[in-house]
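Next comes start_11.cif, a file with mmCIF, C-alpha atoms.
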data_target
#
loop_
_atom_site.label_atom_id
_atom_site.label_comp_id
_atom_site.auth_asym_id
_atom_site.auth_seq_id
_atom_site.Cartn_x
_atom_site.Cartn_y
_atom_site.Cartn_z
CA MET A 753 -88.39 -11.50 -1.75
CA ASP A 754 -85.48 -12.51 -3.98
CA PHE A 755 -81.87 -11.40 -3.57
CA ASP A 756 -82.32 -8.46 -5.98
CA GLY A 757 -85.20 -7.13 -3.89
CA PHE A 758 -83.13 -7.59 -0.75
CA GLU A 759 -80.23 -5.74 -2.35
CA ARG A 760 -82.52 -2.88 -3.43
CA GLN A 761 -84.68 -2.55 -0.35
CA VAL A 762 -82.70 -3.73 2.65
CA LEU A 763 -78.96 -3.43 2.02
CA PRO A 764 -79.00 0.38 1.51
CA VAL A 765 -80.18 0.78 5.13
CA LYS A 766 -76.97 -0.79 6.43
CA ASN A 767 -75.27 2.49 7.41
CA LYS A 768 -78.26 3.66 9.43
CA LEU A 769 -78.30 0.29 11.19
CA TYR A 770 -74.58 0.53 11.81
CA ARG A 771 -74.82 4.04 13.27
CA PHE A 772 -77.69 3.06 15.54
CA ALA A 773 -75.90 -0.07 16.77
CA PHE A 774 -72.74 1.99 17.25
CA ARG A 775 -74.69 4.56 19.27
CA LEU A 776 -76.05 1.84 21.54
CA LEU A 777 -72.93 -0.31 21.87
CA GLY A 778 -70.18 2.27 21.42
CA SER A 779 -67.99 -0.25 19.61
CA SER A 780 -67.42 -0.29 15.90
CA ASP A 781 -66.65 -4.03 15.74
CA GLU A 782 -69.70 -5.00 17.72
CA ALA A 783 -71.88 -2.65 15.69
CA LYS A 784 -70.67 -4.36 12.48
CA ASP A 785 -71.41 -7.76 14.00
CA ILE A 786 -74.91 -6.67 14.90
CA VAL A 787 -75.62 -5.22 11.45
CA GLN A 788 -74.48 -8.43 9.78
CA GLU A 789 -76.68 -10.44 12.11
CA VAL A 790 -79.66 -8.15 11.46
CA LEU A 791 -79.26 -8.38 7.69
CA ILE A 792 -78.93 -12.17 7.79
CA ARG A 793 -82.02 -12.39 10.01
CA VAL A 794 -83.97 -10.17 7.64
CA TRP A 795 -82.86 -12.36 4.74
CA ASN A 796 -83.90 -15.52 6.59
CA GLY A 797 -87.29 -13.99 7.39
CA ARG A 798 -87.74 -12.48 3.92
CA GLU A 799 -91.11 -14.18 3.46
CA GLN A 800 -92.51 -11.89 6.17
CA LEU A 801 -91.25 -8.76 4.42
CA ALA A 802 -94.28 -8.52 2.13
CA THR A 803 -96.50 -8.00 5.18
CA ILE A 804 -94.29 -5.30 6.71
CA GLU A 805 -95.24 -1.73 5.95
CA ASN A 806 -91.99 0.01 6.83
CA VAL A 807 -89.06 -2.34 6.22
CA GLU A 808 -86.47 0.23 7.29
CA ALA A 809 -88.16 0.84 10.66
CA TRP A 810 -88.46 -2.92 11.12
CA CYS A 811 -84.72 -3.39 10.48
CA MET A 812 -83.95 -0.56 12.93
CA ARG A 813 -86.11 -2.23 15.56
CA ILE A 814 -84.28 -5.55 15.16
CA THR A 815 -80.99 -3.64 15.43
CA LYS A 816 -82.14 -2.03 18.66
CA ASN A 817 -83.27 -5.34 20.15
CA LEU A 818 -80.10 -7.22 19.23
CA SER A 819 -77.88 -4.39 20.45
CA LEU A 820 -79.67 -4.21 23.78
CA ASP A 821 -79.46 -8.01 24.13
CA ARG A 822 -75.73 -7.78 23.56
CA LEU A 823 -75.40 -4.96 26.10
CA ARG A 824 -77.32 -6.96 28.69
CA ALA A 825 -75.18 -10.04 28.03
CA LYS A 826 -72.08 -7.92 28.61
CA GLN A 827 -73.50 -6.54 31.83
CA ARG A 828 -74.24 -10.05 33.10
CA LYS A 829 -70.60 -11.05 32.77
CA PRO A 830 -69.20 -11.26 36.31
CA THR A 831 -65.87 -9.79 35.24
CA ASP A 832 -67.50 -6.48 34.25
CA THR A 833 -68.10 -4.09 37.08
CA LEU A 834 -70.89 -1.56 36.87
CA GLU A 835 -68.39 1.23 36.39
CA GLN A 836 -66.74 -0.53 33.48
CA THR A 837 -69.97 -1.17 31.66
CA SER A 838 -71.19 2.38 32.08
CA THR A 839 -68.06 3.73 30.47
CA ILE A 840 -68.11 1.41 27.48
CA VAL A 841 -69.65 4.05 25.25
CA GLU A 842 -67.20 6.72 26.31
CA GLY A 843 -63.96 4.80 26.16
CA SER A 844 -64.41 2.69 23.07
CA LEU A 845 -63.21 5.09 20.40
CA THR A 846 -60.03 4.04 18.66
CA PRO A 847 -57.17 6.57 18.64
CA TYR A 848 -57.85 7.09 14.96
CA GLU A 849 -61.50 7.87 15.61
CA SER A 850 -60.61 10.13 18.51
CA ALA A 851 -58.14 12.10 16.42
CA GLU A 852 -60.74 12.53 13.75
CA ILE A 853 -63.26 14.14 16.03
CA SER A 854 -62.38 17.60 17.18
CA GLU A 855 -62.48 18.51 20.82
CA SER A 856 -65.96 19.99 20.74
CA MET A 857 -67.29 17.03 18.85
CA GLN A 858 -65.80 14.71 21.45
CA ARG A 859 -67.37 16.78 24.20
CA ILE A 860 -70.79 16.46 22.58
CA ASN A 861 -70.19 12.79 21.97
CA LEU A 862 -69.52 12.22 25.67
CA LEU A 863 -72.45 14.41 26.59
CA ILE A 864 -74.88 12.36 24.48
CA ALA A 865 -73.27 9.12 25.65
CA SER A 866 -74.00 10.10 29.25
CA LEU A 867 -77.73 10.45 28.56
CA PRO A 868 -80.08 7.70 29.73
CA GLU A 869 -80.54 4.93 27.15
CA LYS A 870 -84.02 5.90 25.89
CA GLN A 871 -83.11 9.58 25.57
CA ARG A 872 -79.98 8.66 23.65
CA GLN A 873 -81.94 6.43 21.30
CA VAL A 874 -84.66 9.01 20.61
CA MET A 875 -82.16 11.82 20.06
CA HIS A 876 -80.11 9.69 17.66
CA LEU A 877 -83.15 8.68 15.61
CA ARG A 878 -84.55 12.20 15.41
CA ASP A 879 -81.54 14.50 15.24
CA ILE A 880 -79.07 12.32 13.37
CA GLU A 881 -81.24 10.06 11.23
CA GLY A 882 -84.18 12.47 10.81
CA TYR A 883 -86.98 9.99 11.50
CA SER A 884 -90.54 11.21 12.10
CA TYR A 885 -92.11 10.77 15.53
CA ASN A 886 -94.30 7.96 14.20
CA GLU A 887 -91.31 6.07 12.86
CA ILE A 888 -89.48 6.49 16.17
CA CYS A 889 -92.54 5.09 17.97
CA GLU A 890 -92.42 2.07 15.66
CA ILE A 891 -88.68 1.49 16.03
CA LEU A 892 -88.51 1.89 19.79
CA GLU A 893 -91.94 0.37 20.51
CA LEU A 894 -92.90 3.41 22.57
CA ASP A 895 -95.99 5.62 22.46
CA MET A 896 -95.87 9.15 21.07
CA ASN A 897 -95.90 10.75 24.50
CA GLN A 898 -92.89 8.74 25.72
CA VAL A 899 -90.96 9.60 22.56
CA LYS A 900 -91.62 13.32 22.93
CA VAL A 901 -90.84 13.34 26.64
CA ASN A 902 -87.55 11.52 26.08
CA LEU A 903 -86.56 13.84 23.24
CA PHE A 904 -87.46 16.90 25.31
CA ARG A 905 -85.36 15.67 28.22
CA ALA A 906 -82.42 14.77 25.99
CA ARG A 907 -82.33 18.14 24.22
CA ASN A 908 -82.70 20.02 27.50
CA ALA A 909 -79.98 17.98 29.17
CA VAL A 910 -77.65 18.91 26.28
CA ARG A 911 -78.68 22.55 26.50
CA GLU A 912 -78.13 22.68 30.28
CA LYS A 913 -74.67 21.20 29.91
CA PHE A 914 -73.85 23.87 27.34
CA VAL A 915 -74.99 26.57 29.78
CA LYS A 916 -72.81 25.06 32.53
CA ILE A 917 -69.80 24.83 30.25
CA ASN A 918 -70.18 28.46 29.22
CA ALA A 919 -70.78 29.68 32.76
CA TYR A 920 -68.17 27.69 34.65
CA GLY A 921 -66.01 26.27 31.91
CA LEU A 922 -66.92 22.73 33.02
CA MET B 442 -82.38 33.41 7.09
CA ASP B 443 -81.02 35.84 9.73
CA SER B 444 -79.74 34.93 13.16
CA LYS B 445 -82.91 36.18 14.91
CA GLU B 446 -85.06 33.77 12.96
CA ILE B 447 -82.57 31.08 13.72
CA GLU B 448 -82.71 31.91 17.42
CA GLN B 449 -86.51 31.66 17.35
CA LEU B 450 -86.32 28.37 15.53
CA LEU B 451 -83.72 27.17 18.00
CA GLU B 452 -86.02 27.98 20.91
CA LYS B 453 -88.69 25.89 19.23
CA TYR B 454 -86.10 23.16 18.73
CA TRP B 455 -85.21 22.98 22.44
CA THR B 456 -88.87 22.59 23.34
CA CYS B 457 -89.43 19.94 20.63
CA GLU B 458 -91.88 22.02 18.65
CA THR B 459 -89.96 22.06 15.35
CA SER B 460 -90.98 19.96 12.40
CA LEU B 461 -88.52 17.78 10.46
CA GLU B 462 -88.33 20.49 7.78
CA GLU B 463 -87.47 23.17 10.34
CA GLU B 464 -84.82 20.94 11.87
CA LYS B 465 -83.39 20.45 8.39
CA LEU B 466 -83.24 24.25 7.97
CA LEU B 467 -81.31 24.51 11.24
CA ARG B 468 -78.88 21.81 10.14
CA GLU B 469 -78.27 23.53 6.81
CA TYR B 470 -77.79 26.92 8.47
CA PHE B 471 -75.25 25.71 11.01
CA ASN B 472 -73.32 23.65 8.50
CA GLY B 473 -72.98 26.27 5.80
CA ASN B 474 -72.72 29.70 7.38
CA GLU B 475 -70.59 31.87 9.56
CA VAL B 476 -72.33 31.56 12.89
CA PRO B 477 -72.47 34.31 15.55
CA GLN B 478 -70.62 33.58 18.79
CA SER B 479 -73.91 33.39 20.73
CA LEU B 480 -74.95 30.42 18.63
CA SER B 481 -71.64 28.58 18.65
CA ASP B 482 -72.81 25.84 21.05
CA ALA B 483 -75.85 25.05 18.96
CA ALA B 484 -73.65 25.17 15.87
CA SER B 485 -71.26 22.57 17.24
CA LEU B 486 -74.21 20.36 18.19
CA PHE B 487 -75.70 20.51 14.71
CA ARG B 488 -72.26 19.97 13.15
CA TYR B 489 -71.87 16.94 15.36
CA PHE B 490 -75.21 15.59 14.11
CA GLU B 491 -74.10 16.16 10.53
CA SER B 492 -70.74 14.45 11.01
CA GLU B 493 -72.44 11.50 12.73
CA ARG B 494 -74.86 11.15 9.84
CA ALA B 495 -71.87 10.68 7.55
CA ARG B 496 -70.45 7.88 9.69
CA THR B 497 -70.20 4.57 7.88
CA SER B 498 -68.49 1.35 8.78
CA GLU B 499 -65.09 1.13 7.12
CA GLU B 500 -65.55 -2.55 6.54
CA ASP B 501 -67.78 -3.60 3.70
CA ILE B 502 -70.70 -5.10 5.59
CA GLU B 503 -72.64 -5.51 2.37
CA ARG B 504 -70.00 -7.74 0.83
CA ALA B 505 -69.75 -9.85 3.98
CA VAL B 506 -73.53 -10.29 4.13
CA THR B 507 -73.80 -11.08 0.43
CA LYS B 508 -71.05 -13.68 0.83
CA GLU B 509 -72.84 -15.23 3.79
CA ILE B 510 -76.16 -15.38 1.93
CA ARG B 511 -74.52 -16.99 -1.10
CA LYS B 512 -72.88 -19.51 1.22
CA ARG B 513 -76.26 -20.34 2.71
CA GLN B 514 -77.74 -20.77 -0.74
CA ARG B 515 -74.90 -23.17 -1.59
CA GLY B 516 -75.71 -24.91 1.67
CA LYS B 517 -79.12 -25.68 0.25
CA ILE B 518 -77.52 -27.29 -2.80
CA ILE B 519 -75.36 -29.37 -0.49
CA SER B 520 -78.49 -30.50 1.30
CA MET B 521 -79.90 -31.62 -2.07
CA VAL B 522 -76.71 -33.65 -2.52
CA SER B 523 -77.39 -35.31 0.82
CA VAL B 524 -80.89 -36.19 -0.47
CA TYR B 525 -79.24 -38.02 -3.39
CA ARG B 526 -76.99 -39.82 -0.93
CA MET B 527 -80.04 -40.95 1.01
CA ALA B 528 -81.65 -42.13 -2.23
CA ARG B 529 -78.56 -44.22 -2.98
CA ILE B 530 -78.73 -45.87 0.43
CA ALA B 531 -82.46 -46.55 -0.07
CA ALA B 532 -81.75 -48.10 -3.48
CA GLY B 533 -79.10 -50.37 -1.91
CA LEU B 534 -81.56 -51.52 0.74
CA LEU B 535 -84.18 -52.21 -1.95
CA VAL B 536 -81.72 -54.42 -3.83
CA VAL B 537 -81.01 -56.41 -0.65
CA VAL B 538 -84.77 -56.88 0.04
CA VAL B 539 -85.51 -58.02 -3.53
CA ALA B 540 -82.54 -60.41 -3.50
CA THR B 541 -83.75 -61.91 -0.19
CA TYR B 542 -87.21 -62.46 -1.72
CA PHE B 543 -85.84 -64.35 -4.73
CA VAL B 544 -83.52 -66.46 -2.60
CA ARG B 545 -86.51 -67.47 -0.45
CA GLN B 546 -88.45 -68.42 -3.54
CA GLU B 547 -85.58 -70.67 -4.67
CA VAL B 548 -85.36 -72.32 -1.25
CA ARG B 549 -89.12 -73.09 -1.37
CA LYS B 550 -88.77 -74.71 -4.80
CA SER B 551 -86.09 -77.09 -3.48
CA TYR B 552 -88.47 -78.53 -0.77
CA PRO B 553 -90.23 -81.96 -1.49
CA PRO B 554 -93.84 -81.59 -2.77
CA GLU B 555 -95.34 -83.47 0.27
CA ILE B 556 -94.08 -80.70 2.55
CA ALA B 557 -94.93 -77.99 0.12
CA ASP B 558 -98.48 -79.54 -0.20
CA THR B 559 -98.92 -78.66 -3.84
CA ILE B 560 -100.51 -81.07 -6.37
CA SER B 561 -100.47 -79.91 -9.94
CA ASP B 562 -102.77 -82.66 -11.48
CA PRO B 563 -106.50 -81.82 -10.85
CA LYS B 564 -107.64 -85.54 -10.89
CA LEU B 565 -105.05 -86.50 -8.34
CA ALA B 566 -106.07 -83.50 -6.29
CA LEU B 567 -109.74 -84.61 -6.41
CA GLU B 568 -108.79 -88.13 -5.27
CA GLU B 569 -106.75 -86.72 -2.41
CA THR B 570 -109.64 -84.46 -1.40
CA LYS B 571 -112.09 -87.40 -1.51
CA LYS B 572 -109.79 -89.46 0.69
CA ALA B 573 -109.56 -86.63 3.18
CA LEU B 574 -113.35 -86.14 3.20
CA MET B 575 -113.98 -89.88 3.64
CA MET B 576 -111.65 -89.90 6.60
CA ILE B 577 -113.59 -87.04 8.16
CA SER B 578 -116.92 -88.77 7.40
CA ARG B 579 -115.71 -92.01 9.05
CA GLY B 580 -114.80 -90.01 12.09
CA PHE B 581 -118.30 -88.51 12.17
CA GLY B 582 -119.88 -92.04 11.89
CA LYS B 583 -117.95 -93.32 14.90
CA ALA B 584 -118.92 -90.28 16.90
CA LYS B 585 -122.61 -90.81 16.04
CA GLN B 586 -122.53 -94.43 17.32
CA GLY B 587 -121.01 -93.28 20.59
CA ALA B 588 -123.65 -90.58 20.93
CA ALA B 589 -126.47 -93.16 20.34
CA LYS B 590 -125.30 -95.17 23.39
CA VAL B 591 -125.42 -92.05 25.51
CA ASN B 592 -128.97 -91.38 24.24
CA MET B 593 -130.08 -94.90 25.31
CA LEU B 594 -128.89 -94.20 28.82
CA ASN B 595 -130.74 -90.89 28.89
CA GLU B 596 -133.99 -92.51 27.72
CA ALA B 597 -133.72 -95.23 30.41
CA GLU B 598 -133.20 -92.57 33.09
CA ASP B 599 -136.24 -90.63 31.86
CA LYS B 600 -138.44 -93.79 31.99
CA ILE B 601 -137.38 -94.51 35.58
CA SER B 602 -138.05 -90.98 36.73
CA ASN B 603 -141.51 -91.03 35.01
CA LYS B 604 -142.47 -94.29 36.81
CA ASP B 605 -141.51 -92.70 40.16
CA LYS B 606 -143.73 -89.74 39.47
CA GLU B 607 -146.76 -91.97 38.59
CA LYS B 608 -146.37 -93.92 41.85
CA LYS B 609 -146.37 -90.65 43.86
CA LYS B 610 -149.53 -89.50 42.05
CA ASP B 611 -151.33 -92.84 42.83
CA LYS B 612 -150.49 -92.45 46.55
CA ILE B 613 -151.93 -88.94 46.64
CA ILE B 614 -155.19 -90.13 44.93
CA ILE B 615 -155.58 -92.98 47.45
#
If you convert what's in this file into structure tokens, what do you get?
Amino acid sequence: MDFDGFERQVLPVKNKLYRFAFRLLGSSDEAKDIVQEVLIRVWNGREQLATIENVEAWCMRITKNLSLDRLRAKQRKPTDTLEQTSTIVEGSLTPYESAEISESMQRINLLIASLPEKQRQVMHLRDIEGYSYNEICEILELDMNQVKVNLFRARNAVREKFVKINAYGL
Amino acid sequence: MDSKEIEQLLEKYWTCETSLEEEKLLREYFNGNEVPQSLSDAASLFRYFESERARTSEEDIERAVTKEIRKRQRGKIISMVSVYRMARIAAGLLVVVVATYFVRQEVRKSYPPEIADTISDPKLALEETKKALMMISRGFGKAKQGAAKVNMLNEAEDKISNKDKEKKKDKIII
């Protein structure tokens, strides 16, 4: 693949990669770093691209793997306590970003951020990016059943929280 | 699409039975219509999804990546330059080796012919060869004379041992 092909086929996916990395890492700067690294890796491995059926899903999978590697590296740091790392996603919005999102949006943001990792990933890929179940299986390297179970749990967790908020104002 | 249909679709959505098209219908409904109070939670969720889909990085990642790729391509050119540098070093070494060879040749020429052992005239060479061969042949002659003496001794020893055997035989016959 030459640079024109790369520009046509791979670069337009950058925002989806960024959003996915942002969802996993909760930091805009780190998400940008990851996307750049993914794109450079894809460029370096461009000879393989001809054999890959779904380039976009492949890029998303690399994004997921690199983001999770980064998260694990952060968690290994002795200075980070468990509490700190678990609140990375919640507390990493800049004041500008926070102001932009209305209160209800922030509430939903926190709600999704509190979901287990797999559920968060599946919900993001399906409800925000609109991927098919097969594509999600490919990106997350899960079987269909696991994808559906995780999505079901994620949507129901969100729904239950809504019910609680409406009933008790929590 | 009325709110009842939407409610039915929403029920399917919560149980993960909606298709991508149906989910798109829900997104469009909640992002473009006045929504009844009963559906306000779902509406804010779908609006959240829509706003997240519009999220892009403020920084131009594409430009940064393109710059990096171009830099790497230039890096390849630089590596070609280093190949030329290597070639120059190799050429220098070749010159030194060739010069050493010629100097050695010159040194050989300056040696006296006796040491160098080279005779250009064929007649002279033949005479020299004959001399050498004669010397070897004389050596062989001397060696042959020495060997003849040893043979005489051997023959004498054989004769003595034969006589001893004959005497023993005569005794046995008697």
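Between atom CA of Arg878 of chain A and atom CA of Glu789 of chain A lies a distance of 24.2 Å.
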Show me a table, sorted first by chain and then by increasing residue number, of the residues of chain A having an atom at most 6 Å from chain B, each with its shortest atom pair and the distance in Å to one decimal, counting all atoms listed in the file and written as a tab-separated table.
residue	atom	partner	partner_atom	distance
A:Asn767	CA	B:Thr497	CA	5.5
A:Met857	CA	B:Tyr489	CA	5.8
A:Ile880	CA	B:Phe490	CA	5.1
A:Phe904	CA	B:Cys457	CA	5.9
A:Arg907	CA	B:Trp455	CA	5.9
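Our summary of the geometry notes that atom CA of Lys913 of chain A is positioned 10.4 Å from atom CA of Ile864 of chain A.
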(Q) I'd like to see the residues matched by the PyMOL selection byres ((chain A and resi 906) around 8) on this file, and ideally I'd get them as a ChimeraX atom specification. (A) /A:867,871-872,875,902-905,907-910
Go ahead and dump the residues you just picked, C-alpha atoms, as a CSV table (one decimal), in the frame of the given file.
chain,number,residue,atom,x,y,z
A,867,LEU,CA,-77.7,10.4,28.6
A,871,GLN,CA,-83.1,9.6,25.6
A,872,ARG,CA,-80.0,8.7,23.6
A,875,MET,CA,-82.2,11.8,20.1
A,902,ASN,CA,-87.6,11.5,26.1
A,903,LEU,CA,-86.6,13.8,23.2
A,904,PHE,CA,-87.5,16.9,25.3
A,905,ARG,CA,-85.4,15.7,28.2
A,907,ARG,CA,-82.3,18.1,24.2
A,908,ASN,CA,-82.7,20.0,27.5
A,909,ALA,CA,-80.0,18.0,29.2
A,910,VAL,CA,-77.6,18.9,26.3
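Residues in contact range of Val476 of chain B, defined as at most 12 Å between all atoms listed in the file, with sequence neighbours fewer than 3 positions away removed, read Met442, Asp443, Ser444, Lys445, Ile447, Glu448, Leu467, Glu469, Tyr470, Phe471, Asn472, Gly473, Ser479, Leu480, Ser481, Asp482, Ala483, Ala484, Ser485, Phe487 and Arg488 of chain B.
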